[in-house]
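First up is the structure itself, then whatever we jot down about it.
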Amino acid sequence: MPRVVVFDRTGAPDVLRIVDEPVTEPAAGEVRIRIEAIGVNRLDQMMRAGSYPGPVRLPQARLGCEGTGVVDAVGPGVEGPGAGDAVIITAVPEMDLNGTYAEYTTVPAASVVPRPTGLDATGAAALWVAYSTAYGALVEKAGMRPGDHVLITAASSSVGLAAIQVANQIGAVPLAVTRHTAKKEGLIAAGAAAVVVTDHEDVAEAARRHSGGAGADIILDSVMGPGLADLAKAARAGGTLVTAGWLDPRPASFPMSWPLTVLGYASFEHTLDPTVVRRIAAFLNAGLRTRALRPTVDREFGLDDIVEAHRYLDQGHQVGKIVVTV
């Protein structure tokens, strides 16, 4: 029988185990996907560790909100895609029930898009969550325009690297923020116009220096936590701060640097909207064709090594996406 990664309690990576489960026949409007590769995300880590803010149905909960593979079976009423089509899964709202850490999963047909031509399974597994988050937060939510100075925290994460590339594709100016001097050269190579190293630079002062004295038009923050109010000082008067993650689980300080627009971004508000999904897919396909967008894979693991993949994720040293091949 096909293998599935499950966990019965929250905790360290070794709570993950592989079991055999029968495949599920797709219901009306659903497709079954034979998974080829999985993108590992911080959301997975939070659910596994018990810090996810929503409910997780234990025992034998599944993981995984990102994956790519081939349509294996089609339920009644599905007009497309068809069996044998290579696809990317765009949304798994109930990942504890049908997550992608498996050899097969069943999802609504509306939750898949064609895999871009020329993109292999590993690259496709590193694409959707990071790039749809960066695009959704910056373009759909914050209205990023050419010439905008965009300050990006956690810039070496998969979302951060995607945001650098998305900003460049639009014609904005990406300013990368990292804690580690060792990552500066890599972020410049990834397309950052400038890199701010928080170990020895003041972020607000650096943002003004790199934007002609005004400050960032948009801040994309994936960290939150007590430093949020200080980070907001890097925005220009009337700028926008978009929070798209919470790598720091501590309570966030509230910004008081007015005038400032503060927005929270959750990817499901767009990845569950078919109209926006079509816009995202069109934007990503265009960027891939011109090579403005290039998914960054830090390291690959096999499904049998899923515990090691999560131990590596917990270390937080990766630059780009951790991908698990099936």
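Residue names in the structure tokens use chain letters A, B, ... in the order shown, residue numbers from 1 in each chain, and ligand numbers from 1 in the order shown.
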ask   = Which residues come within 6 Å of Val112 of chain A, counting only C-alpha atoms, excluding same-chain residues fewer than 6 positions away, as a PyMOL selection string?
value = chain A and resi 88-90
Would you mind listing, for every residue of segment 145-186 of chain A within 12 Å of segment 244-260 of chain A, the two atoms forming the shortest contact and the distance between them in Å to one decimal, using only C-alpha atoms, sorted by chain and ascending residue number, as a tab-separated table?
residue	atom	partner	partner_atom	distance
A:Ile152	CA	A:Ala244	CA	10.7
A:Thr153	CA	A:Ala244	CA	10.2
A:Ala154	CA	A:Leu247	CA	8.8
A:Ser157	CA	A:Leu247	CA	10.6
A:Val159	CA	A:Ala244	CA	9.2
A:Gly160	CA	A:Ala244	CA	10.5
A:Ala163	CA	A:Ala244	CA	11.3
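Each of A:Val223, A:Ile188, A:Leu272, A:Leu119 was checked against Arg289 of chain A using only C-alpha atoms; the smallest atom-to-atom distance is that of A:Leu119.
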ask   = From the set A:Val107, A:Val276, A:Ala176, A:Ala292, which residue has the shortest atom-to-atom contact distance to Pro26 of chain A, counting only C-alpha atoms?
value =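 Selected residue with least distance to Pro26 of chain A: A:Val107.
Excluding Gly320 of chain A itself and same-chain residues fewer than 5 positions from it, the residues having an atom within 8 Å of it are Ser156, Ser157, Ser158, Val159, Leu161, Pro295, Thr296, Val297 and Asp298 of chain A, counting only C-alpha atoms.
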request  = Would you please give, as a ChimeraX atom specification, all residues of segment 226-324 of chain A that DSSP assigns to alpha helix (DSSP H) based on the backbone?
outcome  = /A:228-232,268-271,274-290,306-315
query = Taking only C-alpha atoms into account, which of A:Gly67, A:Gly186, A:Gly227, A:Gly29 comes nearest Gly82 of chain A?
reply =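 Under the stated criterion, the closest residue is A:Gly29.
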request  = Name the residues in contact with segment 201-215 of chain A at a cut-off of 8 Å, using only C-alpha atoms, excluding same-chain residues fewer than 5 positions from it; report them as a PyMOL selection string.
outcome  = chain A and resi 149+151+175+177+194+196+230-237
Could you dump the residues just selected with N, CA, C and O atoms as a CSV table (one decimal), in the first residue's frame?
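Done, and the output landed in again-v4.csv:
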chain,number,residue,atom,x,y,z
A,149,HIS,N,10.6,50.8,-3.2
A,149,HIS,CA,11.6,50.2,-2.4
A,149,HIS,C,11.0,49.2,-1.4
A,149,HIS,O,10.1,49.6,-0.6
A,151,LEU,N,11.4,46.4,1.5
A,151,LEU,CA,12.3,45.8,2.6
A,151,LEU,C,11.7,44.4,2.9
A,151,LEU,O,10.6,44.3,3.2
A,175,LEU,N,15.2,45.3,-1.0
A,175,LEU,CA,16.2,45.5,0.1
A,175,LEU,C,16.1,44.3,1.1
A,175,LEU,O,15.1,44.2,1.7
A,177,VAL,N,16.9,41.8,4.2
A,177,VAL,CA,17.3,41.9,5.7
A,177,VAL,C,17.6,40.5,6.1
A,177,VAL,O,16.8,39.5,5.9
A,194,ALA,N,20.3,45.7,-2.2
A,194,ALA,CA,21.2,45.9,-1.0
A,194,ALA,C,20.8,44.9,0.1
A,194,ALA,O,19.7,44.4,0.1
A,196,VAL,N,20.8,44.4,4.3
A,196,VAL,CA,20.9,44.9,5.7
A,196,VAL,C,21.1,43.8,6.6
A,196,VAL,O,20.3,42.9,6.8
A,230,ASP,N,9.7,48.3,15.9
A,230,ASP,CA,11.0,48.9,15.4
A,230,ASP,C,11.2,48.7,13.9
A,230,ASP,O,11.6,49.6,13.2
A,231,LEU,N,10.8,47.6,13.4
A,231,LEU,CA,10.9,47.3,12.0
A,231,LEU,C,10.0,48.3,11.2
A,231,LEU,O,10.4,48.8,10.2
A,232,ALA,N,8.8,48.6,11.7
A,232,ALA,CA,7.9,49.6,11.1
A,232,ALA,C,8.5,50.9,10.9
A,232,ALA,O,8.1,51.7,10.0
A,233,LYS,N,9.5,51.3,11.7
A,233,LYS,CA,10.1,52.6,11.6
A,233,LYS,C,11.0,52.7,10.3
A,233,LYS,O,11.4,53.8,9.9
A,234,ALA,N,11.2,51.6,9.6
A,234,ALA,CA,11.9,51.6,8.4
A,234,ALA,C,11.0,52.0,7.2
A,234,ALA,O,11.6,52.3,6.1
A,235,ALA,N,9.7,52.1,7.4
A,235,ALA,CA,8.8,52.5,6.3
A,235,ALA,C,8.8,54.0,6.2
A,235,ALA,O,9.0,54.8,7.1
A,236,ARG,N,8.6,54.4,4.9
A,236,ARG,CA,8.4,55.9,4.7
A,236,ARG,C,7.0,56.3,5.3
A,236,ARG,O,6.2,55.5,5.6
A,237,ALA,N,6.9,57.6,5.4
A,237,ALA,CA,5.6,58.1,5.9
A,237,ALA,C,4.5,57.7,4.9
A,237,ALA,O,4.6,58.0,3.7
ask   = What gap, in Å, lies between atom CA of Pro146 of chain A and atom CA of Ala193 of chain A?
value =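 Atom CA of Ala193 of chain A lies 13.8 Å from atom CA of Pro146 of chain A.
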message = Ranking A:Leu187, A:Leu228, A:Leu43, A:Ile33 by minimum distance to Ala130 of chain A and counting only C-alpha atoms, which one comes first?
response =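 Closest to Ala130 of chain A, using only C-alpha atoms: A:Leu43.
Nearest residue to Ala86 of chain A, choosing from A:Ala110, A:Ile35, A:Gly238, A:Val40 and counting only C-alpha atoms: A:Ile35.
Between Val326 of chain A and the candidates A:Thr68, A:Thr133, A:Thr198, A:Ser267, the tightest atom-to-atom separation, counting only C-alpha atoms, involves A:Thr68.
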Long-range neighbours of segment 46-52 of chain A as a ChimeraX atom specification, 7 Å cut-off, only C-alpha atoms, 5 positions minimum in chain = /A:10-12
